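Enquirer: What follows is a structure written as structure tokens; I'll ask about it next.
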Number of protein chains: 2
Amino acid sequence: MVEEATTEQRILEAARKVFTRKGMAGARMQEVADEAGINKALLHYYFRSKQQLFEGVFKGSAQRQLGCVWKTLEEADSLFPAIERFVSTYLERMLDEPLMPQFIISELNRDPNGLLEMIDRGQGGRSRFLHLVEEALKRGEIIDIDPRELLVNMMALCAHPFIARPMLTHIHGMNDEAFRRMILKRRRTVPEFIIRSIRN
Amino acid sequence: MVEEATTEQRILEAARKVFTRKGMAGARMQEVADEAGINKALLHYYFRSKQQLFEGVFKGSAQRQLGCVWKTLEEADSLFPAIERFVSTYLERMLDEPLMPQFIISELNRDPNGLLEMIDRGQGGRSRFLHLVEEALKRGEIIDIDPRELLVNMMALCAHPFIARPMLTHIHGMNDEAFRRMILKRRRTVPEFIIRSIRN
DNA sequence: ATGGGGTTTAACCAAATGGTTAATATTGCA
DNA sequence: TGCAATATTAACCATTTGGTTAAACCCCAT
């Protein structure tokens, strides 16, 4: 028996699509309703306002995605494997939801308050990472580098291809399949790139 | 004698601010008019439509900024200096206009057609860069690396701090001054990071 | 001064948009 | 079966928004 999606799920899925495509300001409630195959009034029956719908989508989608990425850092017990797992997990997650990074970034720029608290979930992973860098430094495994800057670089190398996707695919003349292959390849090359540049 | 800005200039400047803050969809013509200290009708007197105003702002701002960054690659005659100049020029330019990267990226994601042609101005710099990588490879200066991927990494390391600024400053508890210092420091550390990881 | 071109404004308009209402259809259950 | 709660819809509303119009204003060459 085919379990049909509940109306609420269909709405959230439709809203996710429309919001990530058009952004909060550009998204139209009517478009979400159409995408979900329902009436606009029904949309407001389930989610009283656009803001509320937005939060419903954002919190679910973003937290699910980012959560398991940060977790790789918390679980790691030495630096190089931490980097490898962080990068490959990040890239694999985002392949499932390629518009998510740009969406998060975009909304964070428009409304820094209220969304940032969600980022705080990653603080555990962050401090764990800083600790791993310190340890590796003490053991003489890596050169002296600002651990915060290293984290910035890791996130940059992971996220940027998704965020700048239209630009990259255009500059390098890639189609969707080529983009996908590039990301899969980067699961290996990005950790190599990072580790080569910090290894002692 | 103080040369006052012409009305058209004031409009463009105001529009740039509003568009970069709110994006195309979120920007309001009234807000641009207010910011410029003029009437909304006068806005339409100078720029017949929102789209036209948007293009006026975008083409000027983006082309001016990106133009001289790509130029650093065209002018360079060996790889490592090319990387150094590209990075420092990029970072310095974007410090003047910190919202520009996010703005470009964001609009490129919403409307890939029509804006992409502007990116093509960079093709000269791109092919020059690929050539420099090949040469360095032949001379045995660097390890075997996909030059396109190297370019992606360079752009990622430059652009990402600006694009993800609210997230970064929040995660690492930075204020505006700390962010600025971080960018200035990266003029040196990013080229080091890149070159260390590709040098033979 | 004055008439005419470019500039600026107040008032206005039509369409789009987020949101509401009241009535109808469906479902679960006593 | 019948009734109450839930789900769904069509029609409607108030506000916002991009855009227009026609009149006023300013400046300067005649």
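Numbering starts fresh at 1 for the residues of each chain in the structure tokens, the chains themselves are lettered A, B, ... in the order given, and ligands are numbered from 1 as they appear.
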Apply DSSP to the structure's backbone, then extract all residues of chain A labelled alpha helix (DSSP H) and return them as a compact mmCIF listing (two decimals) with N, CA and C atoms, in the first residue's frame.
Expert:
```
# COMPACT_ATOMS: atom_id res chain seq x y z
N THR A 7 -0.84 16.21 4.03
CA THR A 7 -0.88 17.55 3.45
C THR A 7 0.23 18.44 4.01
N GLU A 8 0.44 18.35 5.32
CA GLU A 8 1.47 19.19 5.93
C GLU A 8 2.85 18.90 5.34
N GLN A 9 3.14 17.60 5.15
CA GLN A 9 4.43 17.25 4.55
C GLN A 9 4.55 17.80 3.14
N ARG A 10 3.44 17.66 2.37
CA ARG A 10 3.48 18.18 1.00
C ARG A 10 3.73 19.68 1.00
N ILE A 11 3.11 20.38 1.94
CA ILE A 11 3.32 21.83 2.03
C ILE A 11 4.78 22.14 2.34
N LEU A 12 5.32 21.46 3.34
CA LEU A 12 6.71 21.75 3.73
C LEU A 12 7.67 21.47 2.58
N GLU A 13 7.42 20.37 1.89
CA GLU A 13 8.28 20.03 0.75
C GLU A 13 8.17 21.10 -0.34
N ALA A 14 6.94 21.48 -0.64
CA ALA A 14 6.73 22.51 -1.67
C ALA A 14 7.38 23.82 -1.25
N ALA A 15 7.19 24.17 0.01
CA ALA A 15 7.74 25.44 0.50
C ALA A 15 9.27 25.42 0.44
N ARG A 16 9.84 24.28 0.79
CA ARG A 16 11.29 24.17 0.73
C ARG A 16 11.78 24.46 -0.69
N LYS A 17 11.11 23.84 -1.66
CA LYS A 17 11.50 24.08 -3.05
C LYS A 17 11.42 25.56 -3.40
N VAL A 18 10.26 26.15 -3.13
CA VAL A 18 10.04 27.53 -3.55
C VAL A 18 10.97 28.49 -2.80
N PHE A 19 11.10 28.29 -1.51
CA PHE A 19 11.96 29.18 -0.72
C PHE A 19 13.41 29.09 -1.19
N THR A 20 13.90 27.88 -1.41
CA THR A 20 15.30 27.78 -1.82
C THR A 20 15.51 28.34 -3.22
N ARG A 21 14.49 28.21 -4.07
CA ARG A 21 14.63 28.77 -5.41
C ARG A 21 14.60 30.28 -5.39
N LYS A 22 13.63 30.85 -4.66
CA LYS A 22 13.38 32.29 -4.77
C LYS A 22 13.81 33.10 -3.56
N GLY A 23 14.14 32.46 -2.47
CA GLY A 23 14.44 33.22 -1.26
C GLY A 23 13.15 33.63 -0.56
N MET A 24 13.29 34.06 0.68
CA MET A 24 12.12 34.47 1.46
C MET A 24 11.33 35.58 0.76
N ALA A 25 12.03 36.65 0.40
CA ALA A 25 11.33 37.80 -0.19
C ALA A 25 10.73 37.48 -1.54
N GLY A 26 11.41 36.66 -2.32
CA GLY A 26 10.94 36.38 -3.66
C GLY A 26 9.88 35.30 -3.74
N MET A 29 3.32 32.97 -1.68
CA MET A 29 2.49 31.96 -1.04
C MET A 29 1.68 31.18 -2.08
N GLN A 30 1.20 31.90 -3.09
CA GLN A 30 0.43 31.23 -4.13
C GLN A 30 1.25 30.16 -4.82
N GLU A 31 2.52 30.46 -5.03
CA GLU A 31 3.39 29.51 -5.72
C GLU A 31 3.59 28.27 -4.86
N VAL A 32 3.74 28.47 -3.56
CA VAL A 32 3.88 27.32 -2.67
C VAL A 32 2.61 26.48 -2.73
N ALA A 33 1.46 27.14 -2.69
CA ALA A 33 0.19 26.42 -2.74
C ALA A 33 0.09 25.62 -4.03
N ASP A 34 0.40 26.25 -5.16
CA ASP A 34 0.36 25.55 -6.44
C ASP A 34 1.27 24.34 -6.42
N GLU A 35 2.51 24.57 -5.98
CA GLU A 35 3.50 23.49 -5.95
C GLU A 35 3.01 22.32 -5.10
N ALA A 36 2.26 22.63 -4.05
CA ALA A 36 1.74 21.57 -3.17
C ALA A 36 0.40 21.04 -3.68
N LYS A 40 -4.63 28.26 -1.48
CA LYS A 40 -3.82 29.18 -0.68
C LYS A 40 -4.36 29.30 0.75
N ALA A 41 -5.68 29.23 0.88
CA ALA A 41 -6.26 29.32 2.22
C ALA A 41 -5.83 28.15 3.09
N LEU A 42 -5.69 27.00 2.46
CA LEU A 42 -5.28 25.82 3.22
C LEU A 42 -3.86 25.97 3.74
N LEU A 43 -3.08 26.68 2.97
CA LEU A 43 -1.71 26.96 3.38
C LEU A 43 -1.74 27.72 4.71
N HIS A 44 -2.61 28.72 4.77
CA HIS A 44 -2.71 29.52 5.99
C HIS A 44 -3.43 28.77 7.10
N TYR A 45 -4.13 27.72 6.73
CA TYR A 45 -4.75 26.88 7.74
C TYR A 45 -3.67 26.10 8.50
N TYR A 46 -2.66 25.63 7.76
CA TYR A 46 -1.58 24.87 8.40
C TYR A 46 -0.50 25.77 8.98
N LYS A 50 3.45 33.61 6.49
CA LYS A 50 4.62 33.28 5.67
C LYS A 50 5.85 33.05 6.54
N GLN A 51 6.01 33.93 7.52
CA GLN A 51 7.13 33.82 8.44
C GLN A 51 7.15 32.46 9.14
N GLN A 52 5.96 32.04 9.58
CA GLN A 52 5.85 30.77 10.30
C GLN A 52 6.20 29.60 9.38
N LEU A 53 5.70 29.66 8.16
CA LEU A 53 6.03 28.62 7.18
C LEU A 53 7.52 28.59 6.94
N PHE A 54 8.09 29.77 6.78
CA PHE A 54 9.52 29.89 6.55
C PHE A 54 10.32 29.20 7.65
N GLU A 55 9.93 29.50 8.90
CA GLU A 55 10.65 28.91 10.02
C GLU A 55 10.48 27.39 10.05
N GLY A 56 9.28 26.95 9.75
CA GLY A 56 9.05 25.51 9.68
C GLY A 56 10.00 24.83 8.72
N VAL A 57 10.14 25.41 7.55
CA VAL A 57 11.02 24.85 6.54
C VAL A 57 12.47 24.94 6.98
N PHE A 58 12.86 26.13 7.36
CA PHE A 58 14.27 26.41 7.63
C PHE A 58 14.81 25.56 8.76
N LYS A 59 14.09 25.56 9.87
CA LYS A 59 14.60 24.85 11.03
C LYS A 59 14.77 23.37 10.73
N GLY A 60 13.79 22.78 10.11
CA GLY A 60 13.91 21.36 9.79
C GLY A 60 15.07 21.09 8.87
N SER A 61 15.05 21.73 7.73
CA SER A 61 16.00 21.44 6.68
C SER A 61 17.44 21.75 7.10
N ALA A 62 17.64 22.96 7.58
CA ALA A 62 19.00 23.38 7.88
C ALA A 62 19.59 22.60 9.05
N GLN A 63 18.78 22.44 10.09
CA GLN A 63 19.31 21.76 11.26
C GLN A 63 19.69 20.32 10.95
N ARG A 64 18.84 19.66 10.19
CA ARG A 64 19.11 18.27 9.83
C ARG A 64 20.44 18.18 9.08
N GLN A 65 20.61 19.11 8.12
CA GLN A 65 21.81 19.06 7.29
C GLN A 65 23.07 19.40 8.08
N LEU A 66 23.02 20.52 8.77
CA LEU A 66 24.22 20.99 9.46
C LEU A 66 24.57 20.11 10.65
N GLY A 67 23.53 19.59 11.30
CA GLY A 67 23.75 18.81 12.52
C GLY A 67 24.79 17.73 12.34
N CYS A 68 24.62 16.87 11.34
CA CYS A 68 25.51 15.72 11.24
C CYS A 68 26.88 16.11 10.72
N VAL A 69 26.98 17.31 10.12
CA VAL A 69 28.31 17.77 9.72
C VAL A 69 29.13 18.14 10.96
N TRP A 70 28.52 18.94 11.83
CA TRP A 70 29.23 19.32 13.05
C TRP A 70 29.56 18.10 13.90
N LYS A 71 28.67 17.12 13.86
CA LYS A 71 28.88 15.93 14.69
C LYS A 71 30.19 15.22 14.34
N THR A 72 30.57 15.26 13.05
CA THR A 72 31.82 14.59 12.67
C THR A 72 33.00 15.13 13.46
N LEU A 73 32.95 16.44 13.77
CA LEU A 73 34.06 17.03 14.54
C LEU A 73 34.02 16.56 15.99
N GLU A 74 32.82 16.50 16.54
CA GLU A 74 32.70 16.08 17.93
C GLU A 74 33.18 14.65 18.14
N GLU A 75 32.94 13.83 17.12
CA GLU A 75 33.25 12.40 17.27
C GLU A 75 34.72 12.08 17.01
N LEU A 79 43.25 15.11 14.35
CA LEU A 79 42.93 16.18 13.41
C LEU A 79 42.71 15.73 11.97
N PHE A 80 43.66 14.97 11.43
CA PHE A 80 43.56 14.66 10.00
C PHE A 80 42.30 13.86 9.66
N PRO A 81 42.01 12.81 10.43
CA PRO A 81 40.74 12.13 10.15
C PRO A 81 39.53 13.05 10.34
N ALA A 82 39.61 13.97 11.29
CA ALA A 82 38.51 14.90 11.50
C ALA A 82 38.27 15.72 10.24
N ILE A 83 39.35 16.21 9.66
CA ILE A 83 39.23 17.00 8.43
C ILE A 83 38.62 16.15 7.32
N GLU A 84 39.14 14.94 7.17
CA GLU A 84 38.63 14.07 6.10
C GLU A 84 37.15 13.79 6.26
N ARG A 85 36.73 13.47 7.49
CA ARG A 85 35.33 13.14 7.68
C ARG A 85 34.43 14.36 7.55
N PHE A 86 34.91 15.49 8.07
CA PHE A 86 34.14 16.72 7.96
C PHE A 86 33.87 17.05 6.49
N VAL A 87 34.92 17.04 5.70
CA VAL A 87 34.78 17.41 4.29
C VAL A 87 33.87 16.44 3.55
N SER A 88 34.13 15.16 3.70
CA SER A 88 33.35 14.23 2.89
C SER A 88 31.89 14.22 3.33
N THR A 89 31.65 14.33 4.64
CA THR A 89 30.26 14.39 5.10
C THR A 89 29.57 15.63 4.59
N TYR A 90 30.25 16.76 4.70
CA TYR A 90 29.67 18.01 4.21
C TYR A 90 29.29 17.89 2.74
N LEU A 91 30.24 17.46 1.93
CA LEU A 91 29.98 17.41 0.49
C LEU A 91 28.86 16.43 0.15
N GLU A 92 28.85 15.29 0.83
CA GLU A 92 27.80 14.31 0.54
C GLU A 92 26.42 14.83 0.94
N ARG A 93 26.35 15.43 2.12
CA ARG A 93 25.07 16.01 2.58
C ARG A 93 24.55 17.02 1.58
N MET A 94 25.44 17.89 1.16
CA MET A 94 25.00 19.00 0.32
C MET A 94 24.65 18.55 -1.10
N LEU A 95 25.19 17.41 -1.50
CA LEU A 95 24.79 16.88 -2.81
C LEU A 95 23.30 16.52 -2.79
N ASP A 96 22.80 16.11 -1.62
CA ASP A 96 21.38 15.81 -1.49
C ASP A 96 20.51 17.05 -1.59
N MET A 100 20.64 24.27 -0.50
CA MET A 100 20.57 24.63 0.91
C MET A 100 21.65 25.63 1.34
N PRO A 101 22.92 25.43 0.99
CA PRO A 101 23.94 26.37 1.47
C PRO A 101 23.63 27.80 1.04
N GLN A 102 23.34 27.98 -0.22
CA GLN A 102 23.02 29.33 -0.70
C GLN A 102 21.81 29.89 0.02
N PHE A 103 20.84 29.05 0.27
CA PHE A 103 19.63 29.48 0.97
C PHE A 103 19.95 29.98 2.38
N ILE A 104 20.68 29.18 3.12
CA ILE A 104 21.05 29.55 4.48
C ILE A 104 21.83 30.85 4.50
N ILE A 105 22.87 30.90 3.68
CA ILE A 105 23.71 32.09 3.59
C ILE A 105 22.88 33.31 3.27
N SER A 106 22.02 33.14 2.29
CA SER A 106 21.23 34.26 1.81
C SER A 106 20.32 34.80 2.91
N GLU A 107 19.62 33.93 3.58
CA GLU A 107 18.69 34.38 4.62
C GLU A 107 19.42 34.91 5.83
N LEU A 108 20.61 34.33 6.09
CA LEU A 108 21.41 34.82 7.20
C LEU A 108 21.86 36.25 6.95
N ASN A 109 22.09 36.59 5.70
CA ASN A 109 22.50 37.94 5.37
C ASN A 109 21.35 38.92 5.48
N ARG A 110 20.15 38.45 5.20
CA ARG A 110 18.99 39.35 5.24
C ARG A 110 18.50 39.56 6.68
N PRO A 112 20.05 38.50 10.17
CA PRO A 112 21.03 37.82 11.02
C PRO A 112 20.46 37.39 12.37
N ASN A 113 19.51 38.13 12.90
CA ASN A 113 18.96 37.76 14.20
C ASN A 113 17.93 36.66 14.05
N GLY A 114 17.83 35.83 15.05
CA GLY A 114 16.76 34.84 15.07
C GLY A 114 17.15 33.55 14.37
N LEU A 115 18.01 33.67 13.32
CA LEU A 115 18.43 32.45 12.65
C LEU A 115 19.77 31.98 13.19
N LEU A 116 20.52 32.93 13.71
CA LEU A 116 21.87 32.63 14.15
C LEU A 116 21.88 31.64 15.32
N GLU A 117 20.87 31.75 16.16
CA GLU A 117 20.86 30.86 17.32
C GLU A 117 20.98 29.39 16.89
N MET A 118 20.43 29.13 15.71
CA MET A 118 20.49 27.76 15.23
C MET A 118 21.91 27.30 14.97
N ILE A 119 22.73 28.27 14.53
CA ILE A 119 24.12 27.97 14.27
C ILE A 119 24.82 27.53 15.55
N GLN A 123 28.51 24.82 18.15
CA GLN A 123 29.60 25.27 19.02
C GLN A 123 30.40 24.11 19.63
N GLY A 124 29.70 23.02 19.90
CA GLY A 124 30.40 21.85 20.42
C GLY A 124 31.45 21.37 19.44
N GLY A 125 31.05 21.19 18.21
CA GLY A 125 31.97 20.76 17.16
C GLY A 125 33.11 21.74 16.98
N ARG A 126 32.80 23.01 17.03
CA ARG A 126 33.83 24.03 16.85
C ARG A 126 34.91 23.92 17.91
N SER A 127 34.50 23.88 19.19
CA SER A 127 35.53 23.90 20.24
C SER A 127 36.32 22.60 20.22
N ARG A 128 35.64 21.51 19.89
CA ARG A 128 36.36 20.24 19.75
C ARG A 128 37.44 20.35 18.67
N PHE A 129 37.07 21.00 17.57
CA PHE A 129 38.02 21.15 16.47
C PHE A 129 39.23 21.98 16.90
N LEU A 130 38.97 23.11 17.56
CA LEU A 130 40.07 23.95 18.03
C LEU A 130 41.01 23.14 18.92
N HIS A 131 40.42 22.28 19.74
CA HIS A 131 41.22 21.43 20.62
C HIS A 131 42.08 20.46 19.83
N LEU A 132 41.50 19.84 18.82
CA LEU A 132 42.25 18.89 18.00
C LEU A 132 43.45 19.56 17.32
N VAL A 133 43.23 20.80 16.86
CA VAL A 133 44.32 21.53 16.22
C VAL A 133 45.44 21.77 17.23
N GLU A 134 45.08 22.22 18.43
CA GLU A 134 46.08 22.46 19.46
C GLU A 134 46.91 21.21 19.74
N GLU A 135 46.22 20.10 19.90
CA GLU A 135 46.92 18.84 20.16
C GLU A 135 47.89 18.48 19.05
N ALA A 136 47.39 18.57 17.80
CA ALA A 136 48.24 18.24 16.65
C ALA A 136 49.45 19.15 16.62
N LEU A 137 49.23 20.39 17.00
CA LEU A 137 50.33 21.36 17.03
C LEU A 137 51.37 20.95 18.07
N LYS A 138 50.90 20.56 19.26
CA LYS A 138 51.81 20.13 20.34
C LYS A 138 52.63 18.92 19.91
N PRO A 147 43.84 28.25 14.33
CA PRO A 147 42.83 27.21 14.13
C PRO A 147 41.50 27.76 13.62
N ARG A 148 41.15 28.96 14.03
CA ARG A 148 39.90 29.54 13.54
C ARG A 148 39.98 29.79 12.04
N GLU A 149 41.16 30.21 11.61
CA GLU A 149 41.31 30.46 10.19
C GLU A 149 41.27 29.15 9.39
N LEU A 150 41.84 28.12 9.98
CA LEU A 150 41.78 26.81 9.32
C LEU A 150 40.34 26.35 9.15
N LEU A 151 39.54 26.57 10.17
CA LEU A 151 38.13 26.19 10.08
C LEU A 151 37.41 26.99 9.00
N VAL A 152 37.72 28.27 8.94
CA VAL A 152 37.14 29.10 7.87
C VAL A 152 37.50 28.52 6.50
N ASN A 153 38.77 28.16 6.34
CA ASN A 153 39.20 27.62 5.05
C ASN A 153 38.50 26.32 4.71
N MET A 154 38.33 25.47 5.71
CA MET A 154 37.63 24.20 5.47
C MET A 154 36.20 24.45 5.01
N MET A 155 35.52 25.32 5.72
CA MET A 155 34.13 25.60 5.35
C MET A 155 34.07 26.24 3.97
N ALA A 156 35.02 27.13 3.70
CA ALA A 156 35.04 27.79 2.39
C ALA A 156 35.18 26.77 1.27
N LEU A 157 36.15 25.87 1.42
CA LEU A 157 36.42 24.90 0.35
C LEU A 157 35.26 23.93 0.15
N CYS A 158 34.51 23.67 1.23
CA CYS A 158 33.35 22.79 1.11
C CYS A 158 32.16 23.52 0.51
N ALA A 159 31.85 24.66 1.07
CA ALA A 159 30.57 25.30 0.75
C ALA A 159 30.58 26.05 -0.57
N HIS A 160 31.72 26.65 -0.89
CA HIS A 160 31.72 27.59 -2.00
C HIS A 160 31.25 27.03 -3.34
N PRO A 161 31.66 25.82 -3.71
CA PRO A 161 31.17 25.31 -5.00
C PRO A 161 29.65 25.29 -5.09
N PHE A 162 28.97 25.00 -3.99
CA PHE A 162 27.50 24.99 -4.02
C PHE A 162 26.96 26.41 -4.08
N ILE A 163 27.55 27.27 -3.28
CA ILE A 163 27.06 28.64 -3.21
C ILE A 163 27.26 29.37 -4.53
N ARG A 165 27.65 27.96 -7.43
CA ARG A 165 27.46 26.99 -8.50
C ARG A 165 27.16 27.58 -9.88
N PRO A 166 26.19 28.52 -9.99
CA PRO A 166 25.92 29.03 -11.34
C PRO A 166 27.15 29.67 -11.96
N MET A 167 27.92 30.38 -11.14
CA MET A 167 29.10 31.02 -11.67
C MET A 167 30.13 29.99 -12.10
N LEU A 168 30.39 29.03 -11.24
CA LEU A 168 31.40 28.01 -11.54
C LEU A 168 31.04 27.20 -12.77
N THR A 169 29.82 26.71 -12.81
CA THR A 169 29.45 25.87 -13.94
C THR A 169 29.53 26.66 -15.24
N HIS A 170 29.23 27.94 -15.15
CA HIS A 170 29.31 28.75 -16.36
C HIS A 170 30.75 29.02 -16.77
N ILE A 171 31.56 29.44 -15.80
CA ILE A 171 32.97 29.73 -16.11
C ILE A 171 33.66 28.52 -16.72
N ASP A 176 25.24 19.59 -15.19
CA ASP A 176 24.93 19.08 -13.85
C ASP A 176 25.76 17.86 -13.49
N GLU A 177 25.92 16.98 -14.48
CA GLU A 177 26.67 15.75 -14.21
C GLU A 177 28.14 16.07 -13.91
N ALA A 178 28.71 17.00 -14.67
CA ALA A 178 30.10 17.38 -14.44
C ALA A 178 30.26 18.02 -13.06
N PHE A 179 29.28 18.80 -12.67
CA PHE A 179 29.34 19.42 -11.34
C PHE A 179 29.35 18.34 -10.26
N ARG A 180 28.47 17.38 -10.42
CA ARG A 180 28.38 16.28 -9.46
C ARG A 180 29.71 15.53 -9.36
N ARG A 181 30.29 15.24 -10.52
CA ARG A 181 31.57 14.53 -10.52
C ARG A 181 32.64 15.36 -9.81
N MET A 182 32.61 16.66 -10.05
CA MET A 182 33.59 17.53 -9.40
C MET A 182 33.45 17.45 -7.88
N ILE A 183 32.23 17.51 -7.39
CA ILE A 183 32.02 17.45 -5.94
C ILE A 183 32.50 16.11 -5.39
N LEU A 184 32.15 15.03 -6.07
CA LEU A 184 32.57 13.71 -5.60
C LEU A 184 34.09 13.62 -5.56
N LYS A 185 34.74 14.17 -6.56
CA LYS A 185 36.20 14.16 -6.59
C LYS A 185 36.76 14.97 -5.43
N ARG A 186 36.09 16.06 -5.11
CA ARG A 186 36.58 16.93 -4.04
C ARG A 186 36.53 16.27 -2.66
N ARG A 187 35.71 15.23 -2.50
CA ARG A 187 35.74 14.51 -1.22
C ARG A 187 37.15 14.05 -0.90
N ARG A 188 37.94 13.74 -1.95
CA ARG A 188 39.31 13.29 -1.74
C ARG A 188 40.28 14.47 -1.83
N THR A 189 40.11 15.30 -2.88
CA THR A 189 41.13 16.32 -3.15
C THR A 189 41.14 17.45 -2.12
N VAL A 190 40.00 17.80 -1.59
CA VAL A 190 39.97 18.91 -0.63
C VAL A 190 40.72 18.57 0.66
N PRO A 191 40.45 17.41 1.28
CA PRO A 191 41.27 17.07 2.45
C PRO A 191 42.76 17.01 2.13
N GLU A 192 43.10 16.46 0.97
CA GLU A 192 44.52 16.45 0.57
C GLU A 192 45.07 17.86 0.53
N PHE A 193 44.32 18.73 -0.12
CA PHE A 193 44.73 20.13 -0.28
C PHE A 193 44.98 20.77 1.08
N ILE A 194 44.06 20.57 2.00
CA ILE A 194 44.17 21.18 3.32
C ILE A 194 45.35 20.59 4.09
N ILE A 195 45.42 19.26 4.12
CA ILE A 195 46.43 18.61 4.95
C ILE A 195 47.83 18.89 4.45
N ARG A 196 48.01 18.86 3.12
CA ARG A 196 49.33 19.20 2.56
C ARG A 196 49.80 20.56 3.01
N SER A 197 48.85 21.49 3.16
CA SER A 197 49.28 22.85 3.44
C SER A 197 49.51 23.11 4.92
N ILE A 198 49.11 22.19 5.79
CA ILE A 198 49.36 22.40 7.22
C ILE A 198 50.30 21.37 7.82
```
Enquirer: With chain A as the partner and 8 Å as the cut-off, tabulate the residues of chain C that qualify, each row holding the nearest pair of atoms and their distance in Å to one decimal, using only C-alpha atoms (C1' of nucleotides), sorted by chain and rising number, as JSON lines.
Expert:
```
{"residue": "C:DT17", "atom": "C1'", "partner": "A:Arg28", "partner_atom": "CA", "distance": 7.8}
{"residue": "C:DG18", "atom": "C1'", "partner": "A:Met29", "partner_atom": "CA", "distance": 7.7}
{"residue": "C:DG19", "atom": "C1'", "partner": "A:His44", "partner_atom": "CA", "distance": 7.8}
```
Enquirer: Any chance you can output those residues with C-alpha atoms (C1' of nucleotides) as an mmCIF file, in the first residue's frame?
Expert:
```cif
data_model
loop_
_atom_site.group_PDB
_atom_site.id
_atom_site.type_symbol
_atom_site.label_atom_id
_atom_site.label_comp_id
_atom_site.auth_asym_id
_atom_site.auth_seq_id
_atom_site.Cartn_x
_atom_site.Cartn_y
_atom_site.Cartn_z
ATOM 1 C "C1'" DT C 17 0.177 39.762 -2.386
ATOM 2 C "C1'" DG C 18 -0.431 38.149 2.406
ATOM 3 C "C1'" DG C 19 -4.123 37.072 4.940
#
```
Enquirer: Given a cut-off of 9 Å, which residues of chain D touch chain A, counting only C-alpha atoms (C1' of nucleotides), written out as a VMD selection string?
Expert: chain D and resid 7 to 9
Enquirer: So how far away is atom CA of B:Ile143 from atom CA of B:Arg199, in Å?
Expert: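 Between atom CA of B:Arg199 and atom CA of B:Ile143 the gap is 6.2 Å.
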Enquirer: Separation of atom C1' of C:DA16 and atom C1' of D:DA23, in Å?
Expert: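 Going from atom C1' of C:DA16 over to atom C1' of D:DA23 covers 29.1 Å.
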Enquirer: What is the distance between atom CA of B:Thr6 and atom CA of B:Phe47, in Å to one decimal?
Expert: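 Straight-line distance from atom CA of B:Thr6 to atom CA of B:Phe47 works out to 14.3 Å.
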